[in-house]
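Next comes structure31.txt, with compact mmCIF, C-alpha atoms.
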```
# COMPACT_ATOMS: atom_id res chain seq x y z
CA MET A 1 12.63 7.67 -1.20
CA PRO A 2 11.49 5.29 -3.97
CA SER A 3 7.89 5.42 -5.13
CA TYR A 4 5.69 2.34 -5.47
CA PRO A 5 2.49 1.59 -7.39
CA TYR A 6 -0.87 1.33 -5.68
CA VAL A 7 -0.96 -2.39 -4.88
CA LEU A 8 -4.35 -4.10 -5.05
CA LEU A 9 -4.58 -7.74 -3.93
CA SER A 10 -7.40 -9.76 -5.48
CA ALA A 11 -8.53 -13.18 -4.29
CA ALA A 12 -11.55 -15.45 -3.93
CA VAL A 13 -11.80 -17.81 -0.97
CA SER A 14 -14.14 -20.34 0.56
CA LEU A 15 -15.87 -19.61 3.86
CA ASP A 16 -13.02 -21.39 5.63
CA GLY A 17 -10.34 -19.34 3.86
CA TYR A 18 -9.13 -21.66 1.08
CA LEU A 19 -8.15 -20.53 -2.41
CA ASP A 20 -8.65 -23.97 -3.98
CA ASP A 21 -9.04 -27.63 -3.12
CA THR A 22 -6.62 -30.48 -3.85
CA THR A 23 -8.40 -32.00 -6.86
CA PRO A 24 -6.76 -31.77 -10.30
CA GLU A 25 -9.43 -29.36 -11.55
CA ARG A 26 -9.39 -25.75 -10.43
CA LEU A 27 -12.12 -24.97 -7.90
CA LEU A 28 -14.33 -22.17 -9.24
CA LEU A 29 -15.27 -20.06 -6.26
CA SER A 30 -17.29 -17.35 -8.02
CA GLY A 31 -19.53 -17.04 -11.04
CA PRO A 32 -19.94 -15.05 -14.27
CA ALA A 33 -20.86 -11.74 -12.64
CA ASP A 34 -17.77 -11.73 -10.43
CA PHE A 35 -15.53 -12.89 -13.27
CA ASP A 36 -16.78 -9.85 -15.20
CA ARG A 37 -15.98 -7.62 -12.21
CA VAL A 38 -12.44 -9.01 -12.13
CA ASP A 39 -12.16 -8.31 -15.85
CA GLU A 40 -13.22 -4.71 -15.17
CA VAL A 41 -10.56 -4.35 -12.48
CA ARG A 42 -7.92 -5.82 -14.80
CA ALA A 43 -8.85 -3.27 -17.45
CA SER A 44 -8.40 -0.44 -14.92
CA VAL A 45 -4.81 -1.25 -13.87
CA ASP A 46 -1.42 -0.84 -15.50
CA ALA A 47 -0.07 -4.28 -14.59
CA ILE A 48 -1.24 -7.66 -13.27
CA LEU A 49 1.06 -9.87 -11.20
CA ILE A 50 0.90 -13.57 -10.37
CA GLY A 51 3.43 -15.95 -8.91
CA ALA A 52 5.22 -18.67 -10.80
CA GLY A 53 3.29 -21.26 -8.76
CA THR A 54 0.02 -19.93 -10.14
CA ILE A 55 1.36 -20.21 -13.68
CA ARG A 56 2.34 -23.85 -13.02
CA ALA A 57 -0.92 -24.77 -11.28
CA ASP A 58 -3.51 -22.92 -13.38
CA ASN A 59 -1.73 -22.06 -16.67
CA PRO A 60 -3.74 -18.79 -16.92
CA ARG A 61 -3.81 -16.42 -19.87
CA LEU A 62 -4.39 -13.40 -17.58
CA LEU A 63 -6.19 -11.22 -20.12
CA VAL A 64 -8.76 -8.46 -20.28
CA ASN A 65 -11.50 -10.46 -21.99
CA SER A 66 -13.93 -7.67 -22.85
CA ALA A 67 -13.28 -6.20 -26.30
CA GLU A 68 -15.06 -3.01 -25.22
CA ARG A 69 -12.74 -2.58 -22.24
CA ARG A 70 -9.68 -3.21 -24.37
CA ALA A 71 -10.91 -0.62 -26.85
CA ALA A 72 -11.42 1.87 -24.04
CA ARG A 73 -7.83 1.31 -22.91
CA THR A 74 -6.42 2.00 -26.35
CA ALA A 75 -8.68 5.05 -26.77
CA ALA A 76 -7.17 6.37 -23.53
CA GLY A 77 -3.66 5.94 -24.93
CA LYS A 78 -2.89 2.78 -22.93
CA PRO A 79 -1.74 -0.61 -24.24
CA GLU A 80 -4.58 -2.95 -25.14
CA TYR A 81 -3.59 -5.24 -22.26
CA PRO A 82 -1.97 -4.43 -18.92
CA LEU A 83 1.65 -5.45 -18.43
CA LYS A 84 1.78 -9.08 -17.23
CA VAL A 85 4.22 -9.69 -14.37
CA THR A 86 5.42 -12.81 -12.63
CA VAL A 87 7.91 -13.51 -9.86
CA SER A 88 10.16 -16.55 -9.65
CA ALA A 89 13.22 -16.88 -7.44
CA SER A 90 14.36 -20.04 -9.26
CA GLY A 91 13.58 -18.94 -12.82
CA GLU A 92 11.99 -22.36 -13.35
CA LEU A 93 9.28 -21.40 -15.82
CA ASP A 94 7.65 -23.29 -18.67
CA PRO A 95 8.27 -21.47 -21.97
CA ALA A 96 5.10 -23.06 -23.40
CA ALA A 97 2.75 -21.67 -20.71
CA ASN A 98 -0.20 -19.58 -21.87
CA PHE A 99 1.07 -16.62 -19.85
CA TRP A 100 3.84 -15.88 -22.40
CA HIS A 101 1.81 -16.29 -25.57
CA THR A 102 -1.28 -14.16 -24.96
CA GLY A 103 -1.82 -10.48 -24.21
CA GLY A 104 0.78 -7.75 -24.41
CA GLU A 105 4.14 -7.16 -22.73
CA LYS A 106 5.48 -9.44 -19.99
CA VAL A 107 8.20 -9.17 -17.38
CA VAL A 108 9.74 -11.69 -14.99
CA TYR A 109 11.34 -10.58 -11.72
CA THR A 110 13.84 -13.07 -10.42
CA THR A 111 17.15 -13.53 -8.64
CA GLU A 112 20.61 -13.56 -10.20
CA LYS A 113 20.53 -17.39 -10.27
CA GLY A 114 17.03 -17.34 -11.72
CA ALA A 115 18.18 -14.99 -14.48
CA GLU A 116 21.00 -17.41 -15.34
CA ARG A 117 18.48 -20.21 -15.70
CA LEU A 118 16.24 -18.07 -17.88
CA ARG A 119 19.16 -17.29 -20.17
CA ARG A 120 19.50 -21.04 -20.75
CA THR A 121 15.75 -21.64 -21.05
CA PRO A 122 14.29 -18.30 -22.15
CA VAL A 123 10.66 -17.24 -22.00
CA ALA A 124 8.92 -14.56 -24.07
CA ALA A 125 9.37 -11.79 -21.50
CA ASP A 126 11.77 -9.18 -20.21
CA VAL A 127 13.83 -10.55 -17.32
CA VAL A 128 14.82 -8.35 -14.36
CA ALA A 129 17.26 -9.75 -11.77
CA LEU A 130 16.72 -8.15 -8.36
CA GLY A 131 19.90 -9.53 -6.76
CA PRO A 132 20.73 -12.64 -4.76
CA GLU A 133 17.23 -12.63 -3.19
CA LEU A 134 13.81 -11.41 -4.23
CA ASP A 135 13.17 -7.93 -2.88
CA TRP A 136 9.56 -6.76 -3.06
CA ARG A 137 10.43 -3.11 -2.48
CA ALA A 138 12.97 -3.17 -5.30
CA LEU A 139 10.42 -4.92 -7.53
CA LEU A 140 7.70 -2.37 -6.84
CA ALA A 141 10.10 0.55 -7.28
CA HIS A 142 11.22 -0.85 -10.65
CA LEU A 143 7.63 -1.27 -11.79
CA ARG A 144 6.77 2.31 -10.83
CA GLU A 145 9.93 4.14 -11.84
CA VAL A 146 11.05 2.12 -14.89
CA ARG A 147 7.84 0.59 -16.26
CA GLY A 148 5.53 3.48 -15.29
CA VAL A 149 3.08 1.28 -13.39
CA GLU A 150 0.81 3.34 -11.14
CA ARG A 151 -1.76 0.64 -10.28
CA LEU A 152 -0.78 -3.00 -9.82
CA MET A 153 -3.30 -5.83 -9.44
CA VAL A 154 -1.95 -8.95 -7.70
CA GLU A 155 -3.89 -12.17 -8.30
CA GLY A 156 -1.81 -14.50 -6.14
CA GLY A 157 -1.02 -16.99 -5.03
CA GLY A 158 -1.26 -17.11 -1.30
CA THR A 159 2.47 -16.82 -0.65
CA ILE A 160 2.68 -13.56 -2.58
CA HIS A 161 -0.41 -12.17 -0.87
CA THR A 162 1.09 -13.05 2.51
CA GLN A 163 4.45 -11.43 1.73
CA LEU A 164 2.93 -8.20 0.46
CA MET A 165 0.56 -7.90 3.40
CA THR A 166 3.12 -8.72 6.09
CA GLN A 167 5.64 -6.26 4.59
CA GLY A 168 3.03 -3.50 4.59
CA LEU A 169 3.12 -3.11 0.81
CA ALA A 170 -0.54 -3.80 -0.04
CA ASP A 171 -2.80 -0.76 -0.34
CA GLU A 172 -6.02 -2.72 -0.78
CA LEU A 173 -7.41 -6.24 -0.48
CA GLN A 174 -10.36 -7.19 -2.68
CA LEU A 175 -11.68 -10.41 -1.21
CA VAL A 176 -14.57 -12.45 -2.59
CA VAL A 177 -16.05 -14.99 -0.18
CA ALA A 178 -17.85 -17.98 -1.70
CA PRO A 179 -20.60 -19.91 0.15
CA LEU A 180 -18.80 -23.22 0.45
CA PHE A 181 -16.30 -25.04 2.65
CA VAL A 182 -13.17 -26.84 1.50
CA GLY A 183 -12.11 -28.33 4.83
CA ASP A 184 -8.88 -29.86 3.53
CA PRO A 185 -5.77 -28.82 5.52
CA GLU A 186 -3.61 -29.67 2.50
CA ALA A 187 -5.41 -27.18 0.25
CA PRO A 188 -3.88 -23.72 -0.43
CA ARG A 189 -5.00 -20.90 1.83
CA LEU A 190 -5.14 -17.15 1.23
CA PHE A 191 -2.47 -16.50 3.86
CA GLY A 192 0.35 -18.83 4.76
CA PRO A 193 1.64 -19.90 8.19
CA GLY A 194 1.56 -17.02 10.63
CA GLY A 195 -0.88 -15.20 8.38
CA TYR A 196 -1.23 -11.44 8.56
CA GLN A 197 -0.45 -9.93 11.96
CA GLY A 198 -0.84 -6.27 11.05
CA GLY A 199 -3.96 -5.46 13.06
CA ARG A 200 -7.47 -4.67 11.91
CA LEU A 201 -8.24 -3.65 8.35
CA ARG A 202 -10.45 -0.76 7.31
CA LEU A 203 -13.58 -1.76 5.40
CA LEU A 204 -13.95 0.22 2.18
CA GLU A 205 -16.91 -1.59 0.63
CA SER A 206 -19.04 -4.71 0.85
CA ARG A 207 -21.21 -5.86 -2.02
CA ARG A 208 -23.27 -8.93 -2.90
CA ILE A 209 -22.53 -10.36 -6.36
CA GLU A 210 -24.88 -13.26 -7.11
CA ASP A 211 -24.15 -15.75 -4.30
CA VAL A 212 -20.72 -14.38 -3.31
CA VAL A 213 -19.77 -11.30 -1.29
CA LEU A 214 -17.06 -8.83 -2.30
CA MET A 215 -15.28 -7.10 0.56
CA ARG A 216 -12.72 -4.36 -0.02
CA TYR A 217 -10.32 -3.65 2.82
CA ALA A 218 -7.33 -1.35 3.39
CA PRO A 219 -4.58 -2.01 5.95
CA THR A 220 -4.35 0.46 8.83
CA ALA A 221 -1.22 -0.64 10.72
CA PRO A 222 1.70 1.82 10.47
CA GLY A 223 5.07 0.70 9.20
CA THR A 224 8.08 0.20 11.41
CA GLY A 225 11.36 2.08 11.43
CA THR A 226 12.01 4.26 8.42
CA LEU A 227 10.48 1.87 5.89
CA PRO A 228 7.13 3.13 4.59
CA ALA A 229 4.04 0.96 4.69
CA ALA A 230 0.94 1.42 2.57
CA ALA A 231 -1.02 2.51 5.65
CA ASP A 232 1.49 5.32 6.26
CA ARG A 233 0.22 6.99 3.11
CA HIS A 234 -3.38 6.77 4.27
CA TRP A 235 -2.68 8.32 7.67
CA LEU A 236 -0.44 11.06 6.28
CA ALA A 237 -3.11 11.95 3.72
CA LEU A 238 -5.56 12.27 6.63
CA ALA A 239 -3.13 14.61 8.42
CA CYS A 240 -3.01 16.75 5.29
CA GLU A 241 -6.81 16.82 5.19
CA LEU A 242 -6.90 17.96 8.81
CA ALA A 243 -4.53 20.83 7.93
CA GLU A 244 -7.22 22.15 5.59
CA ARG A 245 -9.53 22.65 8.61
CA CYS A 246 -7.18 25.10 10.32
CA PRO A 247 -8.43 28.69 10.74
CA PRO A 248 -6.01 30.69 8.57
CA SER A 249 -3.22 32.62 10.24
CA GLU A 250 -0.61 35.09 9.04
CA THR A 251 1.81 34.11 11.80
CA ALA A 252 1.64 30.32 12.00
CA PHE A 253 1.41 27.27 9.77
CA SER A 254 -1.73 25.24 9.20
CA VAL A 255 -0.87 21.66 10.18
CA GLY A 256 -2.79 18.41 10.78
CA ALA A 257 -1.69 15.48 12.92
CA VAL A 258 -2.87 11.94 13.72
CA VAL A 259 -1.55 9.54 16.36
CA VAL A 260 -1.95 5.87 15.41
CA ALA A 261 -1.21 2.77 17.49
CA ALA A 262 0.88 -0.09 16.11
CA ASP A 263 -2.25 -2.16 15.42
CA GLY A 264 -3.77 0.61 13.29
CA THR A 265 -6.06 2.05 15.97
CA GLU A 266 -6.40 5.81 15.71
CA LEU A 267 -5.63 7.22 19.13
CA ALA A 268 -6.21 10.91 18.46
CA ARG A 269 -6.12 13.64 15.84
CA GLY A 270 -5.68 17.38 15.93
CA TYR A 271 -4.98 20.47 13.88
CA SER A 272 -3.53 23.92 14.37
CA ARG A 273 -5.76 26.41 16.24
CA GLU A 274 -8.30 23.66 16.91
CA GLY A 275 -11.18 24.47 19.25
CA GLY A 276 -10.64 28.20 19.10
CA ASP A 277 -7.20 28.08 20.73
CA PRO A 278 -5.21 30.56 18.61
CA VAL A 279 -1.80 29.09 19.43
CA VAL A 280 -2.30 25.33 19.78
CA HIS A 281 -0.26 23.21 17.36
CA ALA A 282 -1.54 20.08 15.62
CA GLU A 283 0.65 17.53 17.43
CA GLU A 284 0.00 19.27 20.72
CA ALA A 285 -3.78 19.14 20.16
CA ALA A 286 -3.68 15.43 19.27
CA LEU A 287 -1.39 14.32 22.11
CA ALA A 288 -3.45 16.25 24.66
CA LYS A 289 -6.38 13.91 23.94
CA ILE A 290 -4.39 10.81 24.99
CA ALA A 291 -3.86 9.94 28.64
CA ALA A 292 -0.28 10.46 29.80
CA GLY A 293 1.53 7.14 30.07
CA ASP A 294 -0.83 5.31 27.71
CA PRO A 295 1.11 2.10 26.93
CA MET A 296 0.13 2.29 23.25
CA LEU A 297 2.16 5.47 22.76
CA ALA A 298 5.53 3.72 22.92
CA SER A 299 4.83 1.84 19.69
CA ALA A 300 2.61 4.48 18.09
CA THR A 301 3.33 6.69 15.08
CA VAL A 302 2.66 10.42 14.88
CA TYR A 303 1.67 11.61 11.41
CA SER A 304 2.10 15.35 10.85
CA SER A 305 1.69 17.29 7.63
CA LEU A 306 4.64 19.51 8.71
CA GLU A 307 7.60 18.28 10.69
CA PRO A 308 7.19 18.94 14.45
CA CYS A 309 8.50 22.27 15.65
CA THR A 310 11.62 22.69 17.76
CA HIS A 311 11.13 26.35 18.74
CA ARG A 312 7.99 28.31 19.58
CA SER A 313 7.20 31.52 21.43
CA SER A 314 3.55 30.80 22.24
CA ARG A 315 4.12 27.81 24.53
CA PRO A 316 7.10 26.66 26.61
CA VAL A 317 7.38 23.19 25.04
CA PRO A 318 7.74 22.64 21.27
CA CYS A 319 5.99 19.73 19.58
CA ALA A 320 9.16 17.70 19.02
CA ARG A 321 9.70 17.73 22.79
CA LEU A 322 6.05 16.81 23.43
CA ILE A 323 6.48 13.79 21.18
CA LEU A 324 9.64 12.72 22.99
CA ASP A 325 8.03 13.22 26.40
CA ALA A 326 5.02 11.12 25.32
CA GLY A 327 7.37 8.23 24.50
CA VAL A 328 6.53 8.09 20.78
CA ARG A 329 9.41 6.72 18.73
CA ARG A 330 8.18 7.04 15.15
CA VAL A 331 7.10 10.13 13.18
CA VAL A 332 5.95 10.39 9.56
CA THR A 333 5.75 13.80 7.93
CA ALA A 334 5.23 15.34 4.51
CA TRP A 335 7.07 18.65 4.59
CA ARG A 336 10.25 19.95 6.20
CA GLU A 337 9.68 23.28 7.96
CA PRO A 338 10.84 26.24 5.86
CA ASP A 339 12.50 29.36 7.33
CA THR A 340 9.24 31.34 7.27
CA PHE A 341 9.04 31.84 11.04
CA VAL A 342 12.08 30.01 12.44
CA THR A 343 15.43 29.94 10.67
CA GLY A 344 17.08 26.55 10.49
CA ALA A 345 14.26 24.62 12.14
CA ASP A 346 14.99 20.90 12.07
CA GLY A 347 12.39 18.97 14.01
CA SER A 348 13.17 15.81 12.08
CA GLY A 349 16.85 16.08 12.94
CA MET A 350 16.15 16.70 16.61
CA LEU A 351 13.86 13.68 16.84
CA ALA A 352 16.22 11.41 14.92
CA ALA A 353 19.14 12.43 17.15
CA ARG A 354 17.15 11.20 20.14
CA GLY A 355 16.33 7.80 18.68
CA VAL A 356 13.03 8.52 16.94
CA ASP A 357 12.51 6.96 13.51
CA VAL A 358 11.57 9.82 11.18
CA LEU A 359 10.13 9.15 7.74
CA VAL A 360 9.47 11.95 5.23
CA LEU A 361 7.11 11.20 2.34
CA PRO A 362 7.75 14.13 -0.03
CA GLU A 363 5.00 13.05 -2.44
CA TYR A 364 2.56 14.62 0.08
CA ALA A 365 4.46 17.90 0.38
CA GLU A 366 2.24 19.82 -2.04
CA ARG A 367 -0.88 18.76 -0.14
CA ALA A 368 0.74 19.87 3.11
CA LYS A 369 1.75 23.23 1.61
CA ALA A 370 -1.67 24.00 0.08
CA PRO A 371 -3.34 25.36 3.26
CA ASN A 372 -0.26 27.55 3.76
CA ALA A 373 -0.15 29.10 0.29
CA HIS A 374 -1.01 32.54 1.70
CA LEU A 375 2.20 32.63 3.76
CA PRO A 376 5.45 34.12 2.40
CA ALA A 377 7.78 31.57 0.86
```

Could you quickly redo this structure as structure tokens?
Amino acid sequence: MPSYPYVLLSAAVSLDGYLDDTTPERLLLSGPADFDRVDEVRASVDAILIGAGTIRADNPRLLVNSAERRAARTAAGKPEYPLKVTVSASGELDPAANFWHTGGEKVVYTTEKGAERLRRTPVAADVVALGPELDWRALLAHLREVRGVERLMVEGGGTIHTQLMTQGLADELQLVVAPLFVGDPEAPRLFGPGGYQGGRLRLLESRRIEDVVLMRYAPTAPGTGTLPAAADRHWLALACELAERCPPSETAFSVGAVVVAADGTELARGYSREGGDPVVHAEEAALAKIAAGDPMLASATVYSSLEPCTHRSSRPVPCARLILDAGVRRVVTAWREPDTFVTGADGSGMLAARGVDVLVLPEYAERAKAPNAHLPA
């Protein structure tokens, strides 16, 4: 499973959701205090990404402007400036743009045809061809695994924000709302046609900055199939936290579970030995709190810190069977069950064989194992 950076989308919009107007001059939606906040965020990340359209329209330098912040980066062993990243399917980029001639390292992600064009008209950047089409998952995996980018700030434009949100790849949206209206249907909007259909977002913070308001949101809607979404990491982390609440046992694992509807609504949560029941399992405890036949279960996801069990002596029905009987068809887990109590347990395999999409995120395995460190390996 490839790993991706933490993806932070940053944008400023009018009250009616526009990024700009249609005049030749760029519409300034925020003021000095918010520009300084953006500079602080830039200094905190490993890379900043904008689309080729933003380079053409705004000709930005995309720098960390504060000398103190740049000095703090170098003192921490980081480059003075974050890596500057752009995306262009066509490879049609102006070699004279400010983007290439300020700051530190740059990289362009493009298609095979775009790379051919850039060989004929080169820019001062590394060029990475992703294939015949742009592939955001391949791009993010390359940034994380090849360029070492752990935090990525995305400053637009609207098409890129829309693609990352709709594909479930954005971990956070930092949105500044300015007290004005644009009212021009031809002006660029934050999200394109169709917008974001991924359900409600989770509010992380709201803050007044002069006359604008900063709102930080995180997506909550689970992914689909076996492709991970950013929200999958949030819910699986919560399952791991729930496992830490389990009363310790020498004869059973400590496990946490959360059931989440397709729109990101939490339906129930549970953990092993919850409520004083010495044998209840996490998935069992969570599913018991949801009415049988609830229509939201068919498109829900079960998050469990340990894969659901297939054999148990304490109850007649194992958790994998409970999940199937509930009609759930997607499970995300952190840790495959070891042979500690049951040899050859394979809850993931059993579920997958019966049509359930099973996703394992091994980067959470150590968190899932921590409450079970007292058990024999």

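Distances from A:Pro371, A:Pro5, A:Gly91, A:Gly223 to Leu118 of chain A were compared using all atoms listed in the file, and the smallest one belongs to A:Gly91.
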
Legend entry - Length of the atom CA of Val356 of chain A to atom CA of Thr226 of chain A vector [Å]: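 Atom-to-atom, atom CA of Val356 of chain A and atom CA of Thr226 of chain A are spaced 9.6 Å apart.
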
Inset, instruction - For Glu133 of chain A, please output as JSON, numbers by chain all residues within 9 Å (counting all atoms listed in the file; exclusion window: fewer than 3 positions along the same chain). - result: {"A": [89, 110, 111, 112, 130]}

May I have the selected residues written with C-alpha atoms, as a CSV table (one decimal), keeping the file's coordinate frame?
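Result file follows (selection-v9.csv):
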```csv
chain,number,residue,atom,x,y,z
A,89,ALA,CA,13.2,-16.9,-7.4
A,110,THR,CA,13.8,-13.1,-10.4
A,111,THR,CA,17.2,-13.5,-8.6
A,112,GLU,CA,20.6,-13.6,-10.2
A,130,LEU,CA,16.7,-8.2,-8.4
```

Legend entry - Test item: residues at most 8 Å from segment 320-335 of chain A, only C-alpha atoms, excluding those fewer than 4 positions along its chain, as a ChimeraX atom specification: /A:224-225,232,236,283-284,287,292-293,297-310,347,350-351,355-365,368-369

Inset, instruction - List every protein, DNA or RNA residue that has at least one atom no more than 10 Å from (-1.4, 2.9, -8.3) in the file's coordinates, counting only C-alpha atoms, and write the result as a ChimeraX atom specification. - result: /A:4-8,45-47,144,148-153,171

Just want the 9 Å neighbourhood of Ala286 of chain A, counted on only C-alpha atoms, with same-chain residues fewer than 3 positions away dropped. Output as an mmCIF file with C-alpha atoms, in the coordinates of the input.
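Wrote result-v2.cif, looks like this:
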```
data_model
loop_
_atom_site.group_PDB
_atom_site.id
_atom_site.type_symbol
_atom_site.label_atom_id
_atom_site.label_comp_id
_atom_site.auth_asym_id
_atom_site.auth_seq_id
_atom_site.Cartn_x
_atom_site.Cartn_y
_atom_site.Cartn_z
ATOM 1 C CA ALA A 257 -1.690 15.480 12.920
ATOM 2 C CA VAL A 258 -2.870 11.940 13.720
ATOM 3 C CA VAL A 259 -1.550 9.540 16.360
ATOM 4 C CA LEU A 267 -5.630 7.220 19.130
ATOM 5 C CA ALA A 268 -6.210 10.910 18.460
ATOM 6 C CA ARG A 269 -6.120 13.640 15.840
ATOM 7 C CA GLY A 270 -5.680 17.380 15.930
ATOM 8 C CA TYR A 271 -4.980 20.470 13.880
ATOM 9 C CA HIS A 281 -0.260 23.210 17.360
ATOM 10 C CA ALA A 282 -1.540 20.080 15.620
ATOM 11 C CA GLU A 283 0.650 17.530 17.430
ATOM 12 C CA LYS A 289 -6.380 13.910 23.940
ATOM 13 C CA ILE A 290 -4.390 10.810 24.990
#
```

Take segment 272-279 of chain A, bring it up to all heavy atoms, and give me the output as a PDB file, keeping the file's coordinate frame.
```
ATOM      1  N   SER A 272      -3.940  22.614  13.845  1.00  0.00           N
ATOM      2  CA  SER A 272      -3.530  23.920  14.370  1.00  0.00           C
ATOM      3  C   SER A 272      -4.749  24.798  14.651  1.00  0.00           C
ATOM      4  O   SER A 272      -5.677  24.862  13.853  1.00  0.00           O
ATOM      5  CB  SER A 272      -2.618  24.638  13.370  1.00  0.00           C
ATOM      6  OG  SER A 272      -1.502  23.849  13.041  1.00  0.00           O
ATOM      7  N   ARG A 273      -4.714  25.469  15.814  1.00  0.00           N
ATOM      8  CA  ARG A 273      -5.760  26.410  16.240  1.00  0.00           C
ATOM      9  C   ARG A 273      -7.118  25.727  16.398  1.00  0.00           C
ATOM     10  O   ARG A 273      -8.166  26.351  16.294  1.00  0.00           O
ATOM     11  CB  ARG A 273      -5.825  27.607  15.277  1.00  0.00           C
ATOM     12  CG  ARG A 273      -4.500  28.371  15.242  1.00  0.00           C
ATOM     13  CD  ARG A 273      -4.474  29.464  14.208  1.00  0.00           C
ATOM     14  NE  ARG A 273      -4.477  28.972  12.829  1.00  0.00           N
ATOM     15  CZ  ARG A 273      -3.415  28.436  12.233  1.00  0.00           C
ATOM     16  NH1 ARG A 273      -2.266  28.312  12.872  1.00  0.00           N
ATOM     17  NH2 ARG A 273      -3.480  28.021  10.983  1.00  0.00           N
ATOM     18  N   GLU A 274      -7.071  24.435  16.696  1.00  0.00           N
ATOM     19  CA  GLU A 274      -8.300  23.660  16.910  1.00  0.00           C
ATOM     20  C   GLU A 274      -9.034  24.179  18.156  1.00  0.00           C
ATOM     21  O   GLU A 274      -8.424  24.584  19.139  1.00  0.00           O
ATOM     22  CB  GLU A 274      -7.944  22.185  17.091  1.00  0.00           C
ATOM     23  CG  GLU A 274      -9.142  21.263  17.281  1.00  0.00           C
ATOM     24  CD  GLU A 274      -8.754  19.810  17.446  1.00  0.00           C
ATOM     25  OE1 GLU A 274      -7.545  19.499  17.362  1.00  0.00           O
ATOM     26  OE2 GLU A 274      -9.656  18.983  17.664  1.00  0.00           O
ATOM     27  N   GLY A 275     -10.357  24.133  18.094  1.00  0.00           N
ATOM     28  CA  GLY A 275     -11.180  24.470  19.250  1.00  0.00           C
ATOM     29  C   GLY A 275     -11.099  25.918  19.677  1.00  0.00           C
ATOM     30  O   GLY A 275     -11.391  26.252  20.834  1.00  0.00           O
ATOM     31  N   GLY A 276     -10.701  26.784  18.767  1.00  0.00           N
ATOM     32  CA  GLY A 276     -10.640  28.200  19.100  1.00  0.00           C
ATOM     33  C   GLY A 276      -9.391  28.624  19.835  1.00  0.00           C
ATOM     34  O   GLY A 276      -9.262  29.803  20.193  1.00  0.00           O
ATOM     35  N   ASP A 277      -8.461  27.719  20.086  1.00  0.00           N
ATOM     36  CA  ASP A 277      -7.200  28.080  20.730  1.00  0.00           C
ATOM     37  C   ASP A 277      -6.282  28.664  19.659  1.00  0.00           C
ATOM     38  O   ASP A 277      -5.830  27.947  18.752  1.00  0.00           O
ATOM     39  CB  ASP A 277      -6.563  26.836  21.359  1.00  0.00           C
ATOM     40  CG  ASP A 277      -5.303  27.151  22.157  1.00  0.00           C
ATOM     41  OD1 ASP A 277      -4.657  28.172  21.865  1.00  0.00           O
ATOM     42  OD2 ASP A 277      -4.951  26.358  23.044  1.00  0.00           O
ATOM     43  N   PRO A 278      -5.941  29.930  19.714  1.00  0.00           N
ATOM     44  CA  PRO A 278      -5.210  30.560  18.610  1.00  0.00           C
ATOM     45  C   PRO A 278      -3.754  30.134  18.488  1.00  0.00           C
ATOM     46  O   PRO A 278      -3.124  30.421  17.467  1.00  0.00           O
ATOM     47  CB  PRO A 278      -5.301  32.058  18.945  1.00  0.00           C
ATOM     48  CG  PRO A 278      -5.453  32.107  20.431  1.00  0.00           C
ATOM     49  CD  PRO A 278      -6.272  30.900  20.783  1.00  0.00           C
ATOM     50  N   VAL A 279      -3.221  29.435  19.485  1.00  0.00           N
ATOM     51  CA  VAL A 279      -1.800  29.090  19.430  1.00  0.00           C
ATOM     52  C   VAL A 279      -1.529  27.593  19.507  1.00  0.00           C
ATOM     53  O   VAL A 279      -0.370  27.167  19.443  1.00  0.00           O
ATOM     54  CB  VAL A 279      -1.006  29.824  20.542  1.00  0.00           C
ATOM     55  CG1 VAL A 279      -1.075  31.320  20.339  1.00  0.00           C
ATOM     56  CG2 VAL A 279      -1.506  29.429  21.929  1.00  0.00           C
TER      57      VAL A 279
END
```
